[in-house]
Every structure is written in C-alpha cells, then in structure tokens.
$ cat data_31.tsv   # TSV, C-alpha atoms
chain	number	residue	atom	x	y	z
H	1365	GLN	CA	104.95	104.44	92.38
H	1366	ALA	CA	108.60	104.88	93.42
H	1367	ARG	CA	110.37	108.01	92.38
H	1368	ALA	CA	113.12	108.07	89.81
H	1369	GLN	CA	116.52	108.37	91.43
H	1370	GLY	CA	118.66	109.28	88.43
H	1371	ALA	CA	117.77	112.93	87.85
H	1372	THR	CA	120.86	115.00	87.14
H	1373	VAL	CA	119.20	118.15	88.50
H	1374	SER	CA	119.24	118.88	92.24
H	1375	VAL	CA	116.76	120.93	94.24
H	1376	THR	CA	119.67	123.17	95.23
H	1377	ASP	CA	120.13	124.19	91.57
H	1378	TYR	CA	117.19	126.57	91.84
H	1379	ASP	CA	118.67	130.02	91.15
H	1380	LYS	CA	115.56	132.12	91.88
H	1381	ALA	CA	114.94	130.77	95.37
H	1382	THR	CA	113.70	133.09	98.11
H	1383	SER	CA	113.04	132.42	101.77
H	1384	ALA	CA	109.25	132.49	101.44
H	1385	TYR	CA	107.18	129.46	102.45
H	1386	GLU	CA	104.19	128.51	104.61
H	1387	GLU	CA	103.23	125.37	106.51
H	1388	ALA	CA	100.38	124.77	108.97
H	1389	TYR	CA	99.24	121.47	110.47
H	1390	VAL	CA	96.77	120.22	113.05
H	1391	ASN	CA	97.26	116.66	114.29
H	1392	GLY	CA	95.56	114.48	116.84
H	1393	THR	CA	95.26	110.97	118.21
H	1394	LEU	CA	92.87	109.32	120.66
H	1395	ASN	CA	93.20	105.93	122.32
H	1396	ALA	CA	90.49	104.74	124.70
H	1397	GLY	CA	89.29	101.43	126.06
H	1398	LYS	CA	89.02	99.04	128.96
H	1399	THR	CA	90.72	95.67	129.10
H	1400	ARG	CA	89.54	92.73	131.16
H	1401	THR	CA	92.11	93.58	133.86
H	1402	ASP	CA	91.28	97.32	134.04
H	1403	ASP	CA	89.23	98.73	136.87
H	1404	GLN	CA	88.12	101.75	134.86
H	1405	ASN	CA	88.21	103.11	131.33
H	1406	SER	CA	91.62	104.36	130.20
H	1407	TYR	CA	92.29	107.00	127.56
H	1408	ASN	CA	95.06	109.06	125.98
H	1409	LEU	CA	94.30	112.12	123.88
H	1410	ASN	CA	97.09	114.01	122.08
H	1411	LEU	CA	96.63	117.22	120.09
H	1412	GLY	CA	99.19	119.38	118.32
H	1413	VAL	CA	99.33	122.51	116.19
H	1414	ASP	CA	102.28	123.72	114.11
H	1415	TYR	CA	102.45	126.91	112.03
H	1416	ASP	CA	105.46	128.34	110.23
H	1417	GLN	CA	105.48	131.10	107.61
H	1418	VAL	CA	108.17	133.33	106.11
H	1419	PHE	CA	107.42	136.48	104.12
H	1420	SER	CA	110.49	137.22	102.03
H	1421	SER	CA	112.09	139.93	99.91
H	1422	PRO	CA	115.75	140.57	99.03
H	1423	ASP	CA	115.90	143.12	101.87
H	1424	ARG	CA	114.20	141.24	104.71
H	1425	ASP	CA	112.60	138.04	105.99
H	1426	LEU	CA	109.67	138.02	108.41
H	1427	ARG	CA	109.09	134.67	110.12
H	1428	LEU	CA	105.98	133.85	112.15
H	1429	GLN	CA	105.86	130.64	114.21
H	1430	ALA	CA	103.38	128.98	116.52
H	1431	ASN	CA	103.34	125.52	118.03
H	1432	GLY	CA	101.45	123.80	120.78
H	1433	ASN	CA	101.17	120.28	122.10
H	1434	GLY	CA	98.91	118.87	124.74
H	1435	SER	CA	97.92	115.50	126.13
H	1436	VAL	CA	95.30	114.22	128.56
H	1437	SER	CA	95.46	110.64	129.81
H	1438	ARG	CA	94.25	108.30	132.52
H	1439	GLY	CA	95.26	104.75	133.36
H	1440	GLY	CA	92.94	101.82	133.89
H	1441	THR	CA	94.00	100.96	137.45
H	1442	THR	CA	91.92	101.76	140.50
H	1443	GLY	CA	92.45	105.33	141.69
H	1444	ALA	CA	94.26	106.43	138.52
H	1445	THR	CA	93.59	110.11	137.95
H	1446	ARG	CA	93.76	112.32	134.91
H	1447	ASP	CA	97.24	113.52	133.92
H	1448	SER	CA	97.67	116.45	131.57
H	1449	ARG	CA	100.73	118.01	129.93
H	1450	TYR	CA	101.19	120.90	127.55
H	1451	ASP	CA	103.78	123.16	125.99
H	1452	TYR	CA	103.52	125.96	123.45
H	1453	GLY	CA	105.47	128.72	121.80
H	1454	LEU	CA	104.72	131.84	119.74
H	1455	GLY	CA	107.34	133.86	117.92
H	1456	ALA	CA	107.93	136.58	115.34
H	1457	THR	CA	111.37	137.41	113.91
H	1458	LEU	CA	112.26	140.14	111.42
H	1459	ASP	CA	115.67	139.87	109.67
H	1460	ASN	CA	116.72	143.06	107.84
H	1461	TYR	CA	119.73	142.70	105.52
H	1462	PHE	CA	122.17	145.61	105.51
H	1463	ASN	CA	123.20	145.17	101.86
H	1464	PRO	CA	121.52	142.10	100.34
H	1465	ALA	CA	123.30	142.49	97.00
H	1466	SER	CA	126.77	141.98	98.48
H	1467	SER	CA	126.44	140.59	102.02
H	1468	LYS	CA	124.42	138.14	104.12
H	1469	ALA	CA	124.79	140.26	107.26
H	1470	PHE	CA	121.57	141.44	108.92
H	1471	TRP	CA	120.14	142.99	112.03
H	1472	TYR	CA	117.02	141.51	113.58
H	1473	GLY	CA	114.28	141.95	116.12
H	1474	SER	CA	112.16	139.22	117.70
H	1475	LEU	CA	109.34	138.66	120.17
H	1476	GLY	CA	108.66	135.30	121.78
H	1477	LEU	CA	106.26	133.66	124.22
H	1478	GLN	CA	106.88	130.20	125.72
H	1479	GLY	CA	105.03	128.13	128.26
H	1480	ASN	CA	104.63	124.59	129.58
H	1481	ASP	CA	102.90	122.76	132.39
H	1482	ALA	CA	106.03	122.61	134.57
H	1483	PHE	CA	105.81	126.30	135.57
H	1484	ASN	CA	103.06	128.56	136.87
H	1485	SER	CA	103.89	131.49	134.60
H	1486	ARG	CA	105.03	132.17	131.05
H	1487	GLN	CA	108.15	133.67	129.57
H	1488	ILE	CA	107.98	136.67	127.23
H	1489	THR	CA	111.13	137.93	125.54
H	1490	GLY	CA	112.04	140.75	123.18
H	1491	ILE	CA	115.44	140.70	121.43
H	1492	VAL	CA	117.41	142.96	119.08
H	1493	GLY	CA	120.68	141.79	117.57
H	1494	ALA	CA	122.71	140.92	114.49
H	1495	GLY	CA	123.38	137.82	112.43
H	1496	TYR	CA	124.76	136.38	109.25
H	1497	GLY	CA	123.53	133.93	106.63
H	1498	ARG	CA	120.44	133.19	104.57
H	1499	VAL	CA	118.07	130.24	104.29
H	1500	VAL	CA	116.13	129.80	101.05
H	1501	ASN	CA	113.16	127.68	100.02
H	1502	VAL	CA	113.87	125.37	97.07
H	1503	THR	CA	110.56	123.48	97.17
H	1504	PRO	CA	109.51	124.85	93.74
H	1505	MET	CA	112.48	123.02	92.20
H	1506	ALA	CA	111.48	119.81	94.03
H	1507	LYS	CA	108.02	120.15	92.48
H	1508	SER	CA	109.51	120.86	89.05
H	1509	ILE	CA	111.66	117.72	89.30
H	1510	ARG	CA	108.61	115.70	90.40
H	1511	VAL	CA	106.53	116.90	87.42
H	1512	ILE	CA	109.26	116.26	84.85
H	1513	GLU	CA	110.15	112.85	86.32
H	1514	GLU	CA	106.49	111.84	86.01
H	1515	LEU	CA	106.32	112.92	82.37
H	1516	MET	CA	109.53	111.03	81.61
H	1517	ASP	CA	108.17	107.90	83.33
H	1518	ARG	CA	105.05	108.16	81.16
H	1519	GLY	CA	107.17	108.40	77.99
H	1520	GLN	CA	106.08	111.96	77.20
H	1521	LEU	CA	109.61	113.41	76.98
H	1522	SER	CA	112.20	112.10	74.52
H	1523	SER	CA	115.05	112.89	76.94
H	1524	GLU	CA	115.74	114.76	80.14
H	1525	PRO	CA	115.25	118.53	79.72
H	1526	SER	CA	117.99	121.07	80.32
H	1527	LEU	CA	118.49	122.81	83.66
H	1528	LYS	CA	117.00	125.91	82.01
H	1529	THR	CA	113.67	124.09	81.57
H	1530	TYR	CA	113.67	122.85	85.18
H	1531	GLN	CA	114.37	126.42	86.33
H	1532	ALA	CA	111.63	127.92	84.17
H	1533	VAL	CA	109.02	125.40	85.38
H	1534	ALA	CA	110.08	125.95	89.02
H	1535	ASN	CA	109.77	129.70	88.56
H	1536	ILE	CA	106.16	129.40	87.36
H	1537	ILE	CA	105.35	127.00	90.21
H	1538	ASP	CA	106.85	129.49	92.67
H	1539	ARG	CA	104.54	132.22	91.35
H	1540	GLU	CA	101.33	130.43	92.30
H	1541	ALA	CA	100.33	133.22	94.71
H	1542	GLU	CA	100.85	135.78	91.94
H	1543	TYR	CA	98.54	133.81	89.61
H	1544	ARG	CA	95.93	133.49	92.38
H	1545	SER	CA	96.02	137.23	93.05
H	1546	LYS	CA	95.83	138.18	89.35
H	1547	HIS	CA	93.22	135.68	88.12
H	1548	GLY	CA	91.24	134.88	91.27
H	1549	ALA	CA	91.10	131.75	93.42
H	1550	ALA	CA	88.40	130.14	91.26
H	1551	ASP	CA	90.19	130.45	87.90
H	1552	TYR	CA	93.93	130.75	88.43
H	1553	GLU	CA	94.80	127.03	88.49
H	1554	GLU	CA	93.80	126.47	84.84
H	1555	ILE	CA	95.99	129.35	83.65
H	1556	TRP	CA	98.85	128.42	85.99
H	1557	ILE	CA	98.94	124.76	84.91
H	1558	ASN	CA	98.58	125.72	81.25
H	1559	ASP	CA	101.61	128.02	81.47
H	1560	ILE	CA	103.64	125.22	83.07
H	1561	SER	CA	102.69	122.79	80.28
H	1562	LYS	CA	103.57	125.38	77.63
H	1563	GLU	CA	107.00	125.84	79.20
H	1564	ILE	CA	107.61	122.08	79.10
H	1565	GLN	CA	106.43	121.88	75.49
H	1566	SER	CA	108.75	124.74	74.52
H	1567	SER	CA	111.69	122.47	75.36
H	1568	GLY	CA	110.99	120.63	72.10
H	1569	LEU	CA	111.10	117.25	73.85
H	1570	THR	CA	107.37	116.49	73.90
H	1571	GLY	CA	105.67	114.41	71.24
H	1572	GLU	CA	102.28	114.44	69.57
H	1573	ASN	CA	100.78	112.45	72.44
H	1574	PHE	CA	101.30	115.28	74.94
H	1575	ASP	CA	97.64	116.11	75.45
H	1576	ALA	CA	95.01	116.92	78.06
H	1577	ALA	CA	95.83	113.75	80.03
H	1578	GLU	CA	99.35	115.01	80.71
H	1579	ILE	CA	98.06	118.45	81.72
H	1580	ILE	CA	95.65	116.77	84.15
H	1581	ARG	CA	98.55	114.75	85.57
H	1582	ILE	CA	100.58	117.94	86.14
H	1583	TYR	CA	97.54	119.44	87.88
H	1584	THR	CA	97.17	116.36	90.09
H	1585	ILE	CA	100.83	116.44	91.16
H	1586	LEU	CA	100.83	120.15	92.04
H	1587	THR	CA	97.43	120.36	93.71
H	1588	ARG	CA	96.80	116.89	95.14
H	1589	GLU	CA	100.21	115.52	96.09
H	1590	ARG	CA	102.02	116.71	99.20
H	1591	ILE	CA	105.66	117.59	98.53
H	1592	SER	CA	107.41	118.48	101.78
H	1593	THR	CA	109.28	121.75	102.16
H	1594	ARG	CA	112.88	121.84	100.93
H	1595	LYS	CA	115.25	124.45	102.39
H	1596	THR	CA	118.94	125.07	102.10
H	1597	GLY	CA	121.36	127.43	103.87
H	1598	TRP	CA	122.23	128.53	107.37
H	1599	LYS	CA	121.98	131.45	109.77
H	1600	VAL	CA	123.63	132.40	113.04
H	1601	ARG	CA	122.48	135.22	115.28
H	1602	GLY	CA	123.05	136.84	118.63
H	1603	GLY	CA	121.19	139.59	120.42
H	1604	VAL	CA	120.27	141.24	123.69
H	1605	GLY	CA	116.91	142.31	124.99
H	1606	TYR	CA	114.52	141.95	127.89
H	1607	VAL	CA	112.46	139.27	129.54
H	1608	PHE	CA	109.19	141.04	130.31
H	1609	ARG	CA	107.86	138.11	132.35
H	1610	SER	CA	109.82	135.04	133.35
H	1611	PHE	CA	108.77	131.57	134.46
H	1612	ASP	CA	108.91	132.66	138.11
H	1613	GLY	CA	106.02	135.07	137.48
H	1614	ASP	CA	108.10	138.22	138.04
H	1615	SER	CA	106.75	140.95	135.73
H	1616	ASP	CA	109.84	143.18	136.11
H	1617	SER	CA	112.00	143.52	133.01
H	1618	ASP	CA	115.35	141.72	133.15
H	1619	PRO	CA	118.10	141.90	130.52
H	1620	ALA	CA	118.41	138.80	128.36
H	1621	LEU	CA	120.84	137.28	125.86
H	1622	GLU	CA	119.84	135.18	122.85
H	1623	LEU	CA	122.06	132.96	120.72
H	1624	GLY	CA	120.64	131.04	117.78
H	1625	ALA	CA	121.66	128.96	114.79
H	1626	GLU	CA	119.92	127.01	112.06
H	1627	TYR	CA	121.12	124.77	109.26
H	1628	HIS	CA	119.15	123.19	106.41
H	1629	HIS	CA	120.41	120.90	103.68
H	1630	PRO	CA	118.66	118.58	101.19
H	1631	LEU	CA	120.82	115.44	101.25
H	1632	ASN	CA	119.29	114.51	97.89
H	1633	ASN	CA	116.08	115.22	95.99
H	1634	GLN	CA	114.09	113.02	98.41
H	1635	THR	CA	115.76	113.76	101.76
H	1636	GLN	CA	115.75	116.95	103.86
H	1637	PHE	CA	117.88	117.54	106.99
H	1638	SER	CA	117.26	120.50	109.29
H	1639	ASN	CA	118.46	121.64	112.71
H	1640	GLU	CA	117.44	124.76	114.63
H	1641	ALA	CA	118.67	125.76	118.08
H	1642	VAL	CA	118.08	128.80	120.27
H	1643	LEU	CA	119.32	129.67	123.76
H	1644	THR	CA	117.75	132.47	125.77
H	1645	THR	CA	119.20	133.38	129.17
H	1646	ILE	CA	118.39	136.05	131.76
H	1647	LEU	CA	121.35	138.25	132.73
H	1648	ALA	CA	119.95	139.59	136.02
H	1649	SER	CA	122.22	139.24	139.06
H	1650	GLY	CA	121.57	135.99	140.91
H	1651	ASP	CA	119.08	134.78	138.29
H	1652	GLN	CA	120.47	131.87	136.29
H	1653	SER	CA	117.29	131.19	134.32
H	1654	TYR	CA	117.61	130.06	130.72
H	1655	THR	CA	115.77	128.12	128.06
H	1656	LEU	CA	117.45	125.94	125.42
H	1657	ARG	CA	115.49	124.41	122.58
H	1658	ASN	CA	116.96	122.31	119.78
H	1659	VAL	CA	114.94	120.67	117.00
H	1660	MET	CA	116.63	118.27	114.58
H	1661	SER	CA	114.69	116.56	111.79
H	1662	LEU	CA	115.24	114.25	108.83
H	1663	THR	CA	112.49	113.72	106.26
H	1664	TYR	CA	112.62	111.16	103.45
H	1665	GLU	CA	110.03	110.90	100.68
H	1666	ILE	CA	109.67	107.16	100.15
H	1667	ASP	CA	106.94	107.47	97.55
H	1668	ASP	CA	104.62	110.00	95.97
H	1669	ARG	CA	102.24	109.54	98.92
H	1670	ILE	CA	104.48	108.33	101.76
H	1671	ASP	CA	106.95	110.35	103.86
H	1672	TRP	CA	109.19	109.09	106.66
H	1673	GLU	CA	109.72	111.84	109.26
H	1674	ASN	CA	112.24	111.56	112.10
H	1675	ALA	CA	112.87	114.15	114.80
H	1676	TRP	CA	114.72	114.81	118.02
H	1677	THR	CA	113.50	117.70	120.18
H	1678	LEU	CA	115.35	118.89	123.27
H	1679	THR	CA	113.83	121.46	125.62
H	1680	HIS	CA	115.80	122.44	128.73
H	1681	ASP	CA	114.48	125.04	131.19
H	1682	ILE	CA	116.19	126.30	134.35
H	1683	ASN	CA	114.34	128.66	136.64
H	1684	GLY	CA	116.89	130.41	138.88
H	1685	PRO	CA	114.67	132.03	141.52
H	1686	SER	CA	112.70	128.84	142.27
H	1687	SER	CA	115.68	126.53	141.63
H	1688	THR	CA	113.66	124.25	139.36
H	1689	THR	CA	114.94	122.43	136.30
H	1690	ASN	CA	112.96	120.73	133.57
H	1691	THR	CA	114.40	118.76	130.64
H	1692	VAL	CA	112.40	116.99	127.94
H	1693	ASN	CA	113.98	114.85	125.22
H	1694	THR	CA	111.65	113.49	122.56
H	1695	LEU	CA	112.63	111.07	119.80
H	1696	SER	CA	110.01	110.29	117.19
H	1697	THR	CA	109.74	108.44	113.92
H	1698	ALA	CA	106.62	108.63	111.78
H	1699	PHE	CA	105.28	107.32	108.51
H	1700	ILE	CA	102.97	109.82	106.84
H	1701	TYR	CA	100.51	108.47	104.28
H	1702	GLU	CA	98.69	111.05	102.19
H	1703	LEU	CA	94.98	110.29	102.06
H	1704	ARG	CA	94.39	113.44	100.05
H	1705	ASN	CA	96.11	116.78	99.62
H	1706	GLU	CA	95.07	118.17	103.02
H	1707	LEU	CA	94.71	115.02	105.09
H	1708	ASP	CA	97.43	112.57	106.15
H	1709	LEU	CA	97.29	109.30	108.05
H	1710	THR	CA	100.17	109.18	110.54
H	1711	THR	CA	101.75	106.25	112.34
H	1712	THR	CA	104.20	107.46	114.98
H	1713	LEU	CA	106.51	105.91	117.53
H	1714	ALA	CA	107.70	108.42	120.15
H	1715	LEU	CA	109.88	108.27	123.24
H	1716	SER	CA	109.75	111.25	125.61
H	1717	ASN	CA	112.03	111.43	128.63
H	1718	TYR	CA	111.23	113.88	131.43
H	1719	SER	CA	113.88	114.75	133.99
H	1720	GLY	CA	114.51	117.47	136.53
H	1721	ASP	CA	112.81	118.57	139.73
H	1722	GLU	CA	109.90	116.15	139.81
H	1723	THR	CA	106.54	116.63	141.49
H	1724	VAL	CA	103.51	114.40	141.84
H	1725	ALA	CA	102.03	116.06	138.77
H	1726	ASN	CA	105.31	115.94	136.81
H	1727	PRO	CA	107.29	112.82	137.74
H	1728	ASN	CA	110.56	111.93	136.03
H	1729	GLY	CA	110.59	109.05	133.60
H	1730	THR	CA	110.07	108.03	130.00
H	1731	ASP	CA	106.80	107.90	128.11
H	1732	THR	CA	106.56	105.51	125.16
H	1733	SER	CA	103.78	105.78	122.62
H	1734	LEU	CA	102.81	104.11	119.38
H	1735	PHE	CA	99.74	105.57	117.80
H	1736	VAL	CA	97.88	106.13	114.56
H	1737	GLY	CA	96.31	109.51	113.95
H	1738	LEU	CA	95.25	112.10	111.42
H	1739	ARG	CA	97.07	115.28	110.41
H	1740	TYR	CA	95.25	118.05	108.59
H	1741	ARG	CA	97.26	120.50	106.52
H	1742	LEU	CA	95.84	123.99	106.76
H	1743	ARG	CA	98.49	125.44	104.43
$ encode --input "data_31.tsv" --output "structure tokens"
Amino acid sequence: QARAQGATVSVTDYDKATSAYEEAYVNGTLNAGKTRTDDQNSYNLNLGVDYDQVFSSPDRDLRLQANGNGSVSRGGTTGATRDSRYDYGLGATLDNYFNPASSKAFWYGSLGLQGNDAFNSRQITGIVGAGYGRVVNVTPMAKSIRVIEELMDRGQLSSEPSLKTYQAVANIIDREAEYRSKHGAADYEEIWINDISKEIQSSGLTGENFDAAEIIRIYTILTRERISTRKTGWKVRGGVGYVFRSFDGDSDSDPALELGAEYHHPLNNQTQFSNEAVLTTILASGDQSYTLRNVMSLTYEIDDRIDWENAWTLTHDINGPSSTTNTVNTLSTAFIYELRNELDLTTTLALSNYSGDETVANPNGTDTSLFVGLRYRLR
C-alpha cells in the first residue's frame, strides 16, 4: 500500500526530539557455483555488521559506533586463488554541552580504532576538542504520521488531527523504553499501544467503529513495520589528541588533529539525506599520514515494506612512513524488502573502485556486484 503524500505535518515538527536512537544490522550474501566453462568452483561471500547508538540528555550525547565488512572470493579459472578483503571501525564519542539551554556549543572526547586489509597494523586515536551544533532524532514523529495516515486511509478519522495530536502520539511512541522499564518486556506493549489509541481518541475525530481492529493495526505498524531512522540537524567539530598506534605499526604516541562534520535533513516525510565526514591526520614531523572517511546516504521509503537506500562511501588512507596510499570509493543502491520486523531481503548493486599503491593481494581496479541477500536487524 502506497503512503499518503498529502500530510500537512512534517517529521521536523517534532518539538520534543532528542538525539537518542539505536540501530544494529547484520547482513550477508553468498554466491557459489561452477559454469560449464569454469575449471573449478567459484564463490563470493560478503558479510557486514553495522551498529550505531546514541544515549542522549540535554547536557550530553554519547555515541557508540561499530562497523565491519569482509569478503572472501575465488574465481572459476584454473589457478585462481582465494582473495579476501576487510575493513572495520570502532568509535565512542562524548559531546558535553556547555550551556544546553542557550547554546549548541560543546566540548568532546573520542576514541577510535580503524583497520583494513591494506595495512599490517591498526590505527588507534584519542581526541579532545570543541564543536557546535546538535543532531536530533525525529523518528517518533515519522511513526506518528504513519499511524495516523493509516487510520485516515481506513476511514477511522473524520479529518486530519491537529499538530498537537501528532506531537502527543509521537511523545508516547518515543517513551517506549520507559514503558518497557516500568511494566516489563512481556507486558508493556499492551499498555503502550492502549495509551497511544487513547490519545488518538481524545482528539474527538474517531467514530464508533474505532475498535480492537484499529488498536491491532497500530500495534502492527509500531512493532512489525520497519520505519527507518529520521534525523535532522548538523554538527561541526575540531580537536587534537594522540595516535597511540598508526598504520605503520609504530606504537609511539604522535600528536593528531581531527576535523569532522555531519548534516542530516529529511527532504520530506519519506526521504532522508545524511552526510558524515571525518579527517584524522598525524602531526609528527615528516609523517604525513591521514585518514579521510565520508559517508553520504539517501533513503526513500517507497512503501510500508520497501525502502530504497543509496550510498556513496569514500575512504582515503595515506601512510607517510611507508609511502603507501589507499583509496576506496563505493557507490551502492539497494532495495530493501521487509520480510518481517527483524529480517529484510536486500537486492544491491555496488561499484567499488580501489586505487593507490597496488600489490598482488590488493590490485587497483573496480569491483562490480549485483547480489541478493538477507539483513537481520538486531535493534
């Protein structure tokens, strides 16, 4: 069922938004076989893990991130050997606002670990600095809009509710964790959904036919449908710190500089644009090592069960002491079909270009892939 496009309320109208959210996915694909012209079996296995969570209060935001991607493949020609690639990152960032009531200025501290198959060691960084801005999660309003649109499509509301009703429903949706903590994981959903339905009924727009079937539909939307994260706002930051171990394997501490920026904007109630970039460079004399990573994404909800996700990821590493350079550009477009709340069927086309100081194990060139896989949502 296509979503209504005429809602006068936007996800950015949510006035109680905080930065808190959580997402965690595991995805994988496997292609294997042997054609009549192959000399041996060929295969291509891809696995990925993504985790992102923000704990939020008016005074501070704590963000935890983890991601990892790996692939193992072998061609079908005689003598083809196994080729493996991987990259991963772990990070924790704490933003402390100086005066959250009157300013978006903050100081921050972060720890990060990055690695990939192009280098023999890993890079660990610790940064302290300052920044400005705030990013907030408006997904509860997206869910509120989804629920009310469904009830209007089913003829259960005589007209579109006021913004106040959308806000009140979004606020209850946003307090799901509070309901779970107070009433227990086994029982909270009944009370939570009942409070949402009462808030909608208090608008005075429901008729006599608003019954258990509508409450079940609200439950289905909020617990079975996947509604992608909506964020709005921006942040910029800059800091100095130390690289405790760099890609050249040197365990001595070197001073480092970090510059970062992020921008998030829902283009409409179905479309989310995001871009995050961070540059980390070592300031030691004669060491021109740095890492640049930029992730741009555009997500469009085509239907209640279908998302279209597009992304461009740039990773650029320069290792000064060993004079090696590695650049990876990946463009991907994916259709995500929700099989159930936790499990998605993904169809993805991806182009990955590798350039830099090539070796036998890491030659330059472009990998093209079209594959169907499964993605499991942990959170």
$ axis_aligned_box --input "data_31.tsv" --around "segment 1400-1410 of chain H" --padding-each-side "8 Å" --output "AutoDock Vina command-line options"
--center_x 92.6 --center_y 103.4 --center_z 129.5 --size_x 25.0 --size_y 37.3 --size_z 30.8
$ residues_around --input "data_31.tsv" --residues "Thr1401 of chain H" --least-positions-apart "5" --cutoff "12 Å" --atoms "all atoms listed in the file" --output "list in words"
Ser1406, Gly1439, Gly1440, Thr1441 and Thr1442 of chain H
$ closest_residue --input "data_31.tsv" --among "H:Glu1578, H:Asp1447, H:Glu1622, H:Glu1553" --to "Gly1493 of chain H" --atoms "only C-alpha atoms"
H:Glu1622
$ closest_residue --input "data_31.tsv" --among "H:Gly1571, H:Gly1737, H:Gly1453, H:Gly1432" --to "Tyr1701 of chain H" --atoms "only C-alpha atoms"
H:Gly1737
$ residues_near_point --input "data_31.tsv" --point "(117.0, 146.8, 101.6)" --cutoff "9 Å" --atoms "only C-alpha atoms" --output "PyMOL selection string"
chain H and resi 1421-1424+1460-1465
$ write_last_selection --input "data_31.tsv" --atoms "C-alpha atoms" --output "mmCIF file, in the frame of the given file"
data_model
loop_
_atom_site.group_PDB
_atom_site.id
_atom_site.type_symbol
_atom_site.label_atom_id
_atom_site.label_comp_id
_atom_site.auth_asym_id
_atom_site.auth_seq_id
_atom_site.Cartn_x
_atom_site.Cartn_y
_atom_site.Cartn_z
ATOM 1 C CA SER H 1421 112.090 139.930 99.910
ATOM 2 C CA PRO H 1422 115.750 140.570 99.030
ATOM 3 C CA ASP H 1423 115.900 143.120 101.870
ATOM 4 C CA ARG H 1424 114.200 141.240 104.710
ATOM 5 C CA ASN H 1460 116.720 143.060 107.840
ATOM 6 C CA TYR H 1461 119.730 142.700 105.520
ATOM 7 C CA PHE H 1462 122.170 145.610 105.510
ATOM 8 C CA ASN H 1463 123.200 145.170 101.860
ATOM 9 C CA PRO H 1464 121.520 142.100 100.340
ATOM 10 C CA ALA H 1465 123.300 142.490 97.000
#
$ atom_distance --input "data_31.tsv" --atom1 "atom CA of Val1390 of chain H" --atom2 "atom CA of Ala1430 of chain H"
11.5 Å
$ atom_distance --input "data_31.tsv" --atom1 "atom CA of Leu1678 of chain H" --atom2 "atom CA of Leu1709 of chain H"
25.5 Å
$ atom_distance --input "data_31.tsv" --atom1 "atom CA of Arg1510 of chain H" --atom2 "atom CA of Glu1640 of chain H"
27.3 Å
$ closest_residue --input "data_31.tsv" --among "H:Ala1532, H:Leu1703, H:Ala1549, H:Leu1621" --to "Ser1567 of chain H" --atoms "all atoms listed in the file"
H:Ala1532
$ closest_residue --input "data_31.tsv" --among "H:Ile1564, H:Ala1381, H:Ile1700, H:Ala1625" --to "Asp1538 of chain H" --atoms "all atoms listed in the file"
H:Ala1381
$ closest_residue --input "data_31.tsv" --among "H:Asn1501, H:Thr1663, H:Asn1658, H:Asn1717" --to "Gln1417 of chain H" --atoms "only C-alpha atoms"
H:Asn1501
$ closest_residue --input "data_31.tsv" --among "H:His1629, H:Arg1657, H:Arg1588, H:Lys1599" --to "Phe1470 of chain H" --atoms "all atoms listed in the file"
H:Lys1599
$ residues_around --input "data_31.tsv" --residues "Ala1388 of chain H" --least-positions-apart "5" --cutoff "7 Å" --atoms "all atoms listed in the file" --output "MDAnalysis selection string"
chainID H and resid 1414:1416 1741:1743
$ closest_atom_pairs --input "data_31.tsv" --of "segment 1635-1674 of chain H" --to "segment 1592-1598 of chain H" --cutoff "9 Å" --atoms "all atoms listed in the file" --output "JSON lines"
{"residue": "H:Thr1635", "atom": "CA", "partner": "H:Arg1594", "partner_atom": "CA", "distance": 8.6}
{"residue": "H:Gln1636", "atom": "CA", "partner": "H:Arg1594", "partner_atom": "CA", "distance": 6.4}
{"residue": "H:Phe1637", "atom": "CA", "partner": "H:Lys1595", "partner_atom": "CA", "distance": 8.7}
{"residue": "H:Ser1638", "atom": "CA", "partner": "H:Lys1595", "partner_atom": "CA", "distance": 8.2}
{"residue": "H:Thr1663", "atom": "CA", "partner": "H:Ser1592", "partner_atom": "CA", "distance": 8.3}
{"residue": "H:Glu1665", "atom": "CA", "partner": "H:Ser1592", "partner_atom": "CA", "distance": 8.1}
{"residue": "H:Asp1671", "atom": "CA", "partner": "H:Ser1592", "partner_atom": "CA", "distance": 8.4}
$ residues_around --input "data_31.tsv" --residues "Thr1587 of chain H" --least-positions-apart "6" --cutoff "12 Å" --atoms "only C-alpha atoms" --output "VMD selection string"
chain H and resid 1507 1511 1537 1540 1553 to 1554 1556 to 1557 1580 to 1581 1704 to 1706 1743
$ residues_around --input "data_31.tsv" --residues "segment 1513-1525 of chain H" --least-positions-apart "3" --cutoff "9 Å" --atoms "all atoms listed in the file" --output "number ranges by chain"
H: 1367-1368, 1371-1372, 1508-1510, 1528-1530, 1564, 1567-1574, 1578, 1581-1582, 1585
$ residues_near_point --input "data_31.tsv" --point "(108.6, 134.7, 119.9)" --cutoff "10 Å" --atoms "all atoms listed in the file" --output "ChimeraX atom specification"
/H:1427-1430,1453-1457,1473-1478,1487-1491
